[in-house]
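**Q** I'm passing along structure-v6.pdb; it holds PDB, C-alpha atoms and all ligand atoms.
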MODEL        1
ATOM      1  CA  MET A   1      61.570  88.942-102.683
ATOM      2  CA  THR A   2      61.100  87.958 -99.041
ATOM      3  CA  ALA A   3      59.784  84.392 -98.777
ATOM      4  CA  LEU A   4      56.496  83.824 -96.920
ATOM      5  CA  LEU A   5      58.014  80.697 -95.419
ATOM      6  CA  GLU A   6      61.593  79.572 -95.511
ATOM      7  CA  LEU A   7      63.111  76.505 -93.921
ATOM      8  CA  GLU A   8      66.862  76.352 -94.098
ATOM      9  CA  ASP A   9      68.615  73.068 -93.326
ATOM     10  CA  VAL A  10      66.027  72.244 -90.682
ATOM     11  CA  HIS A  11      66.734  69.363 -88.320
ATOM     12  CA  SER A  12      64.190  68.408 -85.670
ATOM     13  CA  ALA A  13      63.232  65.787 -83.143
ATOM     14  CA  TYR A  14      60.466  64.490 -80.903
ATOM     15  CA  GLY A  15      62.201  64.118 -77.535
ATOM     16  CA  SER A  16      65.367  62.222 -78.403
ATOM     17  CA  ALA A  17      63.920  60.747 -81.623
ATOM     18  CA  ARG A  18      65.468  62.641 -84.511
ATOM     19  CA  VAL A  19      63.199  62.851 -87.521
ATOM     20  CA  LEU A  20      64.237  65.695 -89.837
ATOM     21  CA  HIS A  21      67.835  65.857 -91.076
ATOM     22  CA  GLY A  22      68.117  68.673 -93.552
ATOM     23  CA  VAL A  23      64.914  70.183 -94.892
ATOM     24  CA  SER A  24      65.179  73.345 -96.991
ATOM     25  CA  ILE A  25      61.949  74.676 -98.445
ATOM     26  CA  ARG A  26      60.951  78.090 -99.702
ATOM     27  CA  VAL A  27      57.446  79.329-100.441
ATOM     28  CA  ASP A  28      56.966  82.772-101.987
ATOM     29  CA  LYS A  29      53.890  84.926-102.361
ATOM     30  CA  GLY A  30      51.364  83.252-104.642
ATOM     31  CA  ASP A  31      53.436  80.041-104.899
ATOM     32  CA  ARG A  32      51.829  76.614-105.380
ATOM     33  CA  VAL A  33      54.211  74.106-103.866
ATOM     34  CA  ALA A  34      53.734  70.376-103.362
ATOM     35  CA  LEU A  35      55.681  68.545-100.665
ATOM     36  CA  ILE A  36      55.642  64.883-101.519
ATOM     37  CA  GLY A  37      57.096  61.699-100.129
ATOM     38  CA  ARG A  38      56.110  58.270 -98.881
ATOM     39  CA  ASN A  39      54.449  57.470 -95.562
ATOM     40  CA  GLY A  40      56.628  58.209 -92.579
ATOM     41  CA  VAL A  41      59.326  60.276 -94.329
ATOM     42  CA  GLY A  42      58.609  63.288 -92.101
ATOM     43  CA  LYS A  43      56.146  65.459 -94.033
ATOM     44  CA  THR A  44      53.892  66.148 -91.056
ATOM     45  CA  THR A  45      56.967  66.687 -88.927
ATOM     46  CA  VAL A  46      57.870  69.607 -91.203
ATOM     47  CA  VAL A  47      54.557  71.209 -90.181
ATOM     48  CA  ASN A  48      55.028  70.207 -86.550
ATOM     49  CA  THR A  49      58.470  71.795 -86.521
ATOM     50  CA  CYS A  50      57.055  75.010 -87.960
ATOM     51  CA  ILE A  51      54.552  75.257 -85.101
ATOM     52  CA  GLY A  52      56.915  74.108 -82.372
ATOM     53  CA  ALA A  53      55.306  70.693 -81.840
ATOM     54  CA  ALA A  54      58.578  69.048 -82.857
ATOM     55  CA  ARG A  55      61.836  70.486 -81.533
ATOM     56  CA  LEU A  56      64.039  72.420 -83.916
ATOM     57  CA  THR A  57      67.601  71.210 -83.295
ATOM     58  CA  ARG A  58      69.442  72.858 -86.185
ATOM     59  CA  GLY A  59      68.743  75.263 -89.011
ATOM     60  CA  GLN A  60      66.297  78.117 -89.266
ATOM     61  CA  ILE A  61      62.647  78.769 -89.936
ATOM     62  CA  ARG A  62      61.571  82.206 -91.143
ATOM     63  CA  TYR A  63      58.124  83.647 -91.668
ATOM     64  CA  MET A  64      58.191  86.758 -93.860
ATOM     65  CA  GLY A  65      61.925  86.969 -93.306
ATOM     66  CA  ARG A  66      61.633  86.858 -89.512
ATOM     67  CA  THR A  67      63.454  84.058 -87.749
ATOM     68  CA  GLN A  68      61.131  81.961 -85.608
ATOM     69  CA  SER A  69      62.246  80.230 -82.451
ATOM     70  CA  PRO A  70      60.430  78.541 -80.914
ATOM     71  CA  ILE A  71      57.019  79.157 -82.384
ATOM     72  CA  ARG A  72      53.495  78.049 -81.655
ATOM     73  CA  ALA A  73      50.502  77.441 -83.866
ATOM     74  CA  TYR A  74      48.965  80.823 -83.156
ATOM     75  CA  GLY A  75      52.298  82.438 -84.007
ATOM     76  CA  ALA A  76      52.051  80.906 -87.464
ATOM     77  CA  ALA A  77      48.446  82.061 -87.917
ATOM     78  CA  ARG A  78      49.327  85.570 -86.761
ATOM     79  CA  SER A  79      52.149  85.699 -89.273
ATOM     80  CA  GLY A  80      49.726  84.780 -92.051
ATOM     81  CA  ILE A  81      50.382  81.054 -92.220
ATOM     82  CA  SER A  82      47.395  78.821 -91.654
ATOM     83  CA  ILE A  83      47.441  75.056 -91.346
ATOM     84  CA  VAL A  84      44.874  72.460 -92.375
ATOM     85  CA  PRO A  85      46.108  69.548 -90.260
ATOM     86  CA  GLN A  86      46.311  65.925 -91.310
ATOM     87  CA  GLY A  87      43.121  64.168 -90.165
ATOM     88  CA  ARG A  88      41.202  67.495 -90.293
ATOM     89  CA  ARG A  89      40.844  67.865 -86.480
ATOM     90  CA  ILE A  90      37.297  69.151 -86.465
ATOM     91  CA  VAL A  91      36.497  70.030 -82.852
ATOM     92  CA  PRO A  92      33.895  67.589 -81.484
ATOM     93  CA  GLY A  93      30.857  69.113 -79.793
ATOM     94  CA  LEU A  94      31.048  72.333 -81.834
ATOM     95  CA  THR A  95      28.834  73.258 -84.756
ATOM     96  CA  VAL A  96      30.119  73.978 -88.228
ATOM     97  CA  ARG A  97      29.781  77.709 -87.611
ATOM     98  CA  GLU A  98      31.575  77.464 -84.246
ATOM     99  CA  ASN A  99      34.419  75.495 -85.808
ATOM    100  CA  LEU A 100      34.791  78.232 -88.405
ATOM    101  CA  LEU A 101      34.802  80.972 -85.793
ATOM    102  CA  LEU A 102      37.693  79.260 -83.982
ATOM    103  CA  GLY A 103      39.790  79.998 -87.058
ATOM    104  CA  ALA A 104      39.202  83.729 -86.677
ATOM    105  CA  ALA A 105      40.793  83.907 -83.225
ATOM    106  CA  THR A 106      43.927  85.664 -84.468
ATOM    107  CA  GLY A 107      41.897  88.664 -85.600
ATOM    108  CA  ARG A 108      43.868  89.061 -88.839
ATOM    109  CA  ARG A 109      41.855  91.168 -91.233
ATOM    110  CA  GLY A 110      41.101  90.258 -94.837
ATOM    111  CA  PRO A 111      38.412  88.972 -97.174
ATOM    112  CA  TRP A 112      37.436  85.837 -95.273
ATOM    113  CA  SER A 113      34.348  85.590 -93.079
ATOM    114  CA  VAL A 114      31.853  82.848 -92.228
ATOM    115  CA  ASP A 115      29.735  84.083 -95.144
ATOM    116  CA  ALA A 116      32.677  84.061 -97.564
ATOM    117  CA  VAL A 117      33.479  80.459 -96.578
ATOM    118  CA  PHE A 118      29.819  79.527 -97.094
ATOM    119  CA  GLY A 119      30.063  81.145-100.525
ATOM    120  CA  MET A 120      32.972  78.896-101.396
ATOM    121  CA  TYR A 121      31.485  75.737 -99.879
ATOM    122  CA  PRO A 122      27.661  76.153 -99.867
ATOM    123  CA  ILE A 123      27.093  72.790 -98.178
ATOM    124  CA  LEU A 124      28.619  74.272 -95.010
ATOM    125  CA  ARG A 125      25.864  76.894 -94.935
ATOM    126  CA  GLU A 126      23.246  74.141 -95.037
ATOM    127  CA  ARG A 127      25.011  72.377 -92.173
ATOM    128  CA  ALA A 128      25.960  75.547 -90.267
ATOM    129  CA  ASP A 129      24.160  74.689 -87.036
ATOM    130  CA  GLY A 130      24.876  70.955 -87.049
ATOM    131  CA  LEU A 131      27.910  69.346 -85.458
ATOM    132  CA  GLY A 132      31.033  69.566 -87.587
ATOM    133  CA  THR A 133      31.941  65.957 -86.848
ATOM    134  CA  ALA A 134      28.516  64.747 -88.077
ATOM    135  CA  MET A 135      29.405  65.574 -91.674
ATOM    136  CA  SER A 136      31.043  63.379 -94.340
ATOM    137  CA  GLY A 137      34.829  63.284 -94.706
ATOM    138  CA  GLY A 138      34.760  65.594 -97.706
ATOM    139  CA  GLN A 139      32.536  68.105 -95.949
ATOM    140  CA  GLN A 140      34.766  68.006 -92.875
ATOM    141  CA  GLN A 141      37.746  68.716 -95.119
ATOM    142  CA  MET A 142      35.939  71.748 -96.520
ATOM    143  CA  LEU A 143      35.285  72.851 -92.949
ATOM    144  CA  ALA A 144      38.948  72.406 -92.023
ATOM    145  CA  ILE A 145      39.971  74.511 -95.028
ATOM    146  CA  GLY A 146      37.314  77.132 -94.267
ATOM    147  CA  ARG A 147      38.475  77.331 -90.653
ATOM    148  CA  ALA A 148      42.058  77.862 -91.803
ATOM    149  CA  LEU A 149      40.969  80.606 -94.203
ATOM    150  CA  MET A 150      39.209  82.471 -91.396
ATOM    151  CA  SER A 151      42.602  83.823 -90.270
ATOM    152  CA  ASN A 152      43.054  85.403 -93.717
ATOM    153  CA  PRO A 153      46.356  83.652 -94.446
ATOM    154  CA  ASP A 154      48.902  84.560 -97.100
ATOM    155  CA  LEU A 155      49.960  80.918 -97.043
ATOM    156  CA  LEU A 156      47.787  77.869 -96.537
ATOM    157  CA  ILE A 157      49.546  74.625 -95.594
ATOM    158  CA  LEU A 158      47.446  71.509 -96.187
ATOM    159  CA  ASP A 159      48.569  68.142 -94.820
ATOM    160  CA  GLU A 160      47.215  65.271 -96.945
ATOM    161  CA  PRO A 161      43.745  66.747 -97.473
ATOM    162  CA  SER A 162      42.741  63.937 -99.854
ATOM    163  CA  GLU A 163      43.199  61.231 -97.226
ATOM    164  CA  GLY A 164      40.121  59.012 -96.997
ATOM    165  CA  LEU A 165      38.112  60.925 -99.609
ATOM    166  CA  ALA A 166      36.357  59.489-102.687
ATOM    167  CA  PRO A 167      38.011  60.406-106.028
ATOM    168  CA  VAL A 168      35.167  62.693-107.090
ATOM    169  CA  VAL A 169      35.453  64.598-103.809
ATOM    170  CA  VAL A 170      39.199  64.921-104.296
ATOM    171  CA  ASP A 171      38.548  66.433-107.738
ATOM    172  CA  GLU A 172      36.219  69.045-106.224
ATOM    173  CA  LEU A 173      38.789  69.789-103.544
ATOM    174  CA  GLY A 174      41.409  70.310-106.246
ATOM    175  CA  LEU A 175      39.206  72.810-108.047
ATOM    176  CA  SER A 176      38.549  74.820-104.910
ATOM    177  CA  LEU A 177      42.243  74.896-103.966
ATOM    178  CA  ARG A 178      43.115  75.917-107.488
ATOM    179  CA  ARG A 179      40.656  78.816-107.240
ATOM    180  CA  LEU A 180      42.185  79.907-103.946
ATOM    181  CA  ALA A 181      45.634  79.869-105.500
ATOM    182  CA  ASP A 182      44.391  81.839-108.500
ATOM    183  CA  GLN A 183      43.087  84.451-106.073
ATOM    184  CA  GLY A 184      46.598  84.812-104.673
ATOM    185  CA  THR A 185      46.772  82.565-101.597
ATOM    186  CA  ALA A 186      50.077  80.705-101.604
ATOM    187  CA  ILE A 187      49.670  76.982-101.042
ATOM    188  CA  LEU A 188      51.984  74.367 -99.580
ATOM    189  CA  LEU A 189      50.298  71.064-100.287
ATOM    190  CA  ILE A 190      51.528  67.915 -98.582
ATOM    191  CA  GLU A 191      50.065  65.096-100.643
ATOM    192  CA  GLN A 192      50.412  61.638-102.110
ATOM    193  CA  ASN A 193      47.431  61.847-104.463
ATOM    194  CA  PHE A 194      48.652  62.339-108.036
ATOM    195  CA  GLY A 195      45.577  64.122-109.313
ATOM    196  CA  LEU A 196      45.565  66.622-106.490
ATOM    197  CA  ILE A 197      49.318  67.221-106.708
ATOM    198  CA  ARG A 198      48.980  67.963-110.410
ATOM    199  CA  ALA A 199      45.799  70.026-110.051
ATOM    200  CA  VAL A 200      47.256  72.328-107.434
ATOM    201  CA  GLY A 201      51.052  72.182-107.540
ATOM    202  CA  ASP A 202      53.505  74.057-109.680
ATOM    203  CA  ARG A 203      56.849  73.416-107.953
ATOM    204  CA  HIS A 204      57.594  70.404-105.791
ATOM    205  CA  TYR A 205      59.945  69.139-103.116
ATOM    206  CA  VAL A 206      60.465  65.438-102.563
ATOM    207  CA  MET A 207      61.246  64.113 -99.092
ATOM    208  CA  SER A 208      62.895  60.841 -98.203
ATOM    209  CA  LYS A 209      63.978  59.702 -94.726
ATOM    210  CA  GLY A 210      63.652  63.088 -93.081
ATOM    211  CA  ALA A 211      65.349  65.178 -95.764
ATOM    212  CA  VAL A 212      64.459  66.991 -98.960
ATOM    213  CA  VAL A 213      66.160  64.991-101.688
ATOM    214  CA  GLU A 214      64.841  66.617-104.846
ATOM    215  CA  GLU A 215      63.096  69.761-106.010
ATOM    216  CA  GLY A 216      61.835  71.145-109.282
ATOM    217  CA  HIS A 217      58.793  71.880-111.386
ATOM    218  CA  LEU A 218      56.031  69.299-111.522
ATOM    219  CA  ALA A 219      55.580  69.836-115.240
ATOM    220  CA  SER A 220      58.990  68.267-115.793
ATOM    221  CA  LEU A 221      58.149  65.120-113.774
ATOM    222  CA  THR A 222      56.529  62.209-115.582
ATOM    223  CA  ASN A 223      53.808  60.220-113.822
ATOM    224  CA  GLU A 224      56.283  57.344-113.512
ATOM    225  CA  GLU A 225      58.750  59.599-111.716
ATOM    226  CA  LEU A 226      56.023  61.018-109.517
ATOM    227  CA  LYS A 227      54.852  57.516-108.634
ATOM    228  CA  LYS A 228      58.283  56.646-107.236
ATOM    229  CA  HIS A 229      57.944  59.432-104.683
ATOM    230  CA  VAL A 230      54.574  58.522-103.161
ATOM    231  CA  SER A 231      53.160  55.461-101.438
ATOM    232  CA  VAL A 232      49.912  55.208-103.375
TER
HETATM  233  N1  LIG B   1      54.810  62.642 -81.897
HETATM  234  C1  LIG B   1      55.791  61.836 -82.326
HETATM  235  N2  LIG B   1      56.707  61.319 -81.473
HETATM  236  C2  LIG B   1      57.702  60.504 -81.908
HETATM  237  N3  LIG B   1      57.864  60.127 -83.195
HETATM  238  C3  LIG B   1      56.990  60.601 -84.088
HETATM  239  C4  LIG B   1      55.908  61.480 -83.703
HETATM  240  N4  LIG B   1      55.195  61.778 -84.825
HETATM  241  C5  LIG B   1      55.814  61.133 -85.833
HETATM  242  N5  LIG B   1      56.885  60.437 -85.390
HETATM  243  C6  LIG B   1      57.807  59.636 -86.234
HETATM  244  O1  LIG B   1      58.439  60.531 -87.131
HETATM  245  C7  LIG B   1      58.574  59.930 -88.416
HETATM  246  C8  LIG B   1      57.954  60.842 -89.460
HETATM  247  O2  LIG B   1      56.547  60.894 -89.243
HETATM  248  P1  LIG B   1      55.611  61.914 -90.000
HETATM  249  O3  LIG B   1      54.270  61.794 -89.380
HETATM  250  O4  LIG B   1      56.248  63.246 -90.045
HETATM  251  O5  LIG B   1      55.608  61.286 -91.477
HETATM  252  P2  LIG B   1      54.686  61.630 -92.730
HETATM  253  O6  LIG B   1      55.611  61.761 -93.896
HETATM  254  O7  LIG B   1      53.791  62.752 -92.413
HETATM  255  O8  LIG B   1      53.836  60.277 -92.916
HETATM  256  P3  LIG B   1      52.329  60.078 -93.464
HETATM  257  O9  LIG B   1      52.402  60.173 -94.947
HETATM  258  O10 LIG B   1      52.005  58.676 -93.011
HETATM  259  O11 LIG B   1      51.442  61.110 -92.837
HETATM  260  C9  LIG B   1      57.942  58.562 -88.321
HETATM  261  O12 LIG B   1      58.962  57.623 -88.115
HETATM  262  C10 LIG B   1      57.062  58.659 -87.102
HETATM  263  O13 LIG B   1      56.919  57.414 -86.469
HETATM  264 MG    MG B   2      51.779  62.980 -92.312
ENDMDL
END
What does the file become when written as structure tokens?
Ligand SMILES: Nc1ncnc2c1ncn2[C@@H]1O[C@H](COP(=O)(O)OP(=O)(O)OP(=O)(O)O)[C@@H](O)[C@H]1O
Ligand SMILES: [Mg+2]
**A**
Amino acid sequence: MTALLELEDVHSAYGSARVLHGVSIRVDKGDRVALIGRNGVGKTTVVNTCIGAARLTRGQIRYMGRTQSPIRAYGAARSGISIVPQGRRIVPGLTVRENLLLGAATGRRGPWSVDAVFGMYPILRERADGLGTAMSGGQQQMLAIGRALMSNPDLLILDEPSEGLAPVVVDELGLSLRRLADQGTAILLIEQNFGLIRAVGDRHYVMSKGAVVEEGHLASLTNEELKKHVSV
């Protein structure tokens, strides 16, 4: 089977600062993959390298079997890979609806529309004409996910979506991501929150100091083992 996303021995840098030294990750159709690791090990840099915001210095990145070099964020979205960035990045000055519409810019067809996102997260419908940044952290996270879905991705990459959210909100987030996965959207979840990793993930990769150092199935990791790989 052709992988949706494949990183093969990826090395990358910001300017002359080398950050990744050997990251190999594969995500197939319908996969639920967790990428875990402590603060600063390079998790976000994996995403940044995929979209060309960090410089690929060695190795290969393939979307649907096609080698990418160098790529940009819209290239990812056009290839069916959508990113929910760390910190959510809701665009200030735009309403909830306008933020969602930004996600549709690639024109990829599929089941997602503003209405479908409102169906998944009804609170966004209530807030549709208010500013996106005026909402709570959890609601903004829903908006960031909804915006990413608007490009009808085959693969959704989420970078620490639980950051700054109350535990009960993280639980709700887990349920909605689980539903998305059950409907067939592959998920690459970058996380440090145990509950969310377990609720969503099936396989995992562990990063340390810029490299993937371990991979396997989450079911075979005890909580003690999992704890060693995250900062919280
Ligand atoms: N734009 C940048 N320019 C230079 N160095 C950077 C840049 N962004 C990150 N770094 C460095 O790259 C390393 C990896 O950072 P990265 O943000 O990828 O880690 P992370 O695993 O996502 O951490 P966190 O869990 O805190 O989000 C860190 O040492 C960081 O200081
Ligand atoms: Mg990060």
**Q** Kindly resolve the PyMOL selection byres (((chain A and resi 50-66) around 6) and not hetatm) on the present coordinates and return the residues as JSON, numbers by chain.
**A** {"A": [2, 3, 4, 5, 6, 7, 8, 9, 10, 11, 12, 13, 14, 47, 48, 49, 67, 68, 70, 71, 72, 73]}
**Q** As JSON, please report the centre and edge lengths, rounded to one decimal in Å, of the axis-aligned box that holds all listed atoms of ligand LIG 1 (chain B) with 8 Å of padding on each of the six sides.
**A**
{"center_x": 55.2, "center_y": 60.3, "center_z": -88.2, "size_x": 23.5, "size_y": 21.8, "size_z": 29.5}
**Q** In terms of the shortest atom-to-atom distance over only C-alpha atoms and all ligand atoms, which of A:Gly75, A:Gly132, A:Gly174, A:Pro161 is closest to ligand LIG 1 (chain B)?
**A** A:Pro161
**Q** Name the closest residue to Glu98 (chain A) among the candidates A:Gly137, A:Gly80, A:Gly110, A:Gly146; distances are taken between atoms, counting only C-alpha atoms.
**A**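 For Glu98 (chain A), the nearest of the given residues is A:Gly146.
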**Q** Could you check the closest approach to ligand LIG 1 (chain B) for each of A:Ser162, A:Ser176, A:Gln141, A:Ser151 and tell me which residue wins, using all atoms listed in the file?
**A**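 When distances to ligand LIG 1 (chain B) are compared using all atoms listed in the file, the smallest one comes from A:Ser162.
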**Q** Give me the result of the PyMOL selection byres (((not hetatm)) within 9 of (chain B and resi 1)) on this file, residue by residue, as a PyMOL selection string.
**A** chain A and resi 13-20+36-48+53-54+86+159-160+190-192+207-210+230-231
**Q** Select, from A:Asp28, A:Glu215, A:Glu163, A:Asp115, the residue with the minimum atom-to-atom distance to ligand MG 2 (chain B), counting all atoms listed in the file.
**A**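 Checking each of A:Asp28, A:Glu215, A:Glu163, A:Asp115 against ligand MG 2 (chain B), counting all atoms listed in the file, the winner is A:Glu163.
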**Q** Ranking A:Arg26, A:Arg88, A:Lys227, A:His21 by minimum distance to ligand MG 2 (chain B) and counting all atoms listed in the file, which one comes first?
**A** A:Arg88
**Q** Residues at most 9 Å from Ala77 (chain A), counting all atoms listed in the file, excluding those fewer than 6 positions away in the same chain, as a PyMOL selection string?
**A** chain A and resi 83+103+106+108+148+151-153
**Q** Using all atoms listed in the file, can you tell me which of A:Asn99, A:Thr185, A:Thr222, A:Asn193 comes closest to Asp31 (chain A)?
**A** A:Thr185
**Q** Could you tell me which residues the PyMOL selection byres (((chain A and resi 180) around 12) and not hetatm) grabs in this file, written as JSON, numbers by chain?
**A** {"A": [30, 31, 32, 111, 112, 117, 120, 145, 146, 149, 152, 153, 154, 155, 156, 173, 174, 175, 176, 177, 178, 179, 181, 182, 183, 184, 185, 186, 187, 200]}
**Q** Between CA of Leu131 (chain A) and CA of Arg147 (chain A), what is the distance, to one decimal in Å?
**A**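 Taking CA of Leu131 (chain A) as the start and CA of Arg147 (chain A) as the end point, the length is 14.2 Å.
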**Q** As an exercise, work out the distance from CA of Asp171 (chain A) to CA of Gly216 (chain A) in Å and give it to one decimal place.
**A**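 Atom-to-atom, CA of Asp171 (chain A) to CA of Gly216 (chain A), that is 23.8 Å.
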**Q** One decimal, in Å: what's the spacing between CA of Val206 (chain A) and CA of Ala34 (chain A)?
**A**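 Taking CA of Val206 (chain A) and CA of Ala34 (chain A), their separation equals 8.4 Å.
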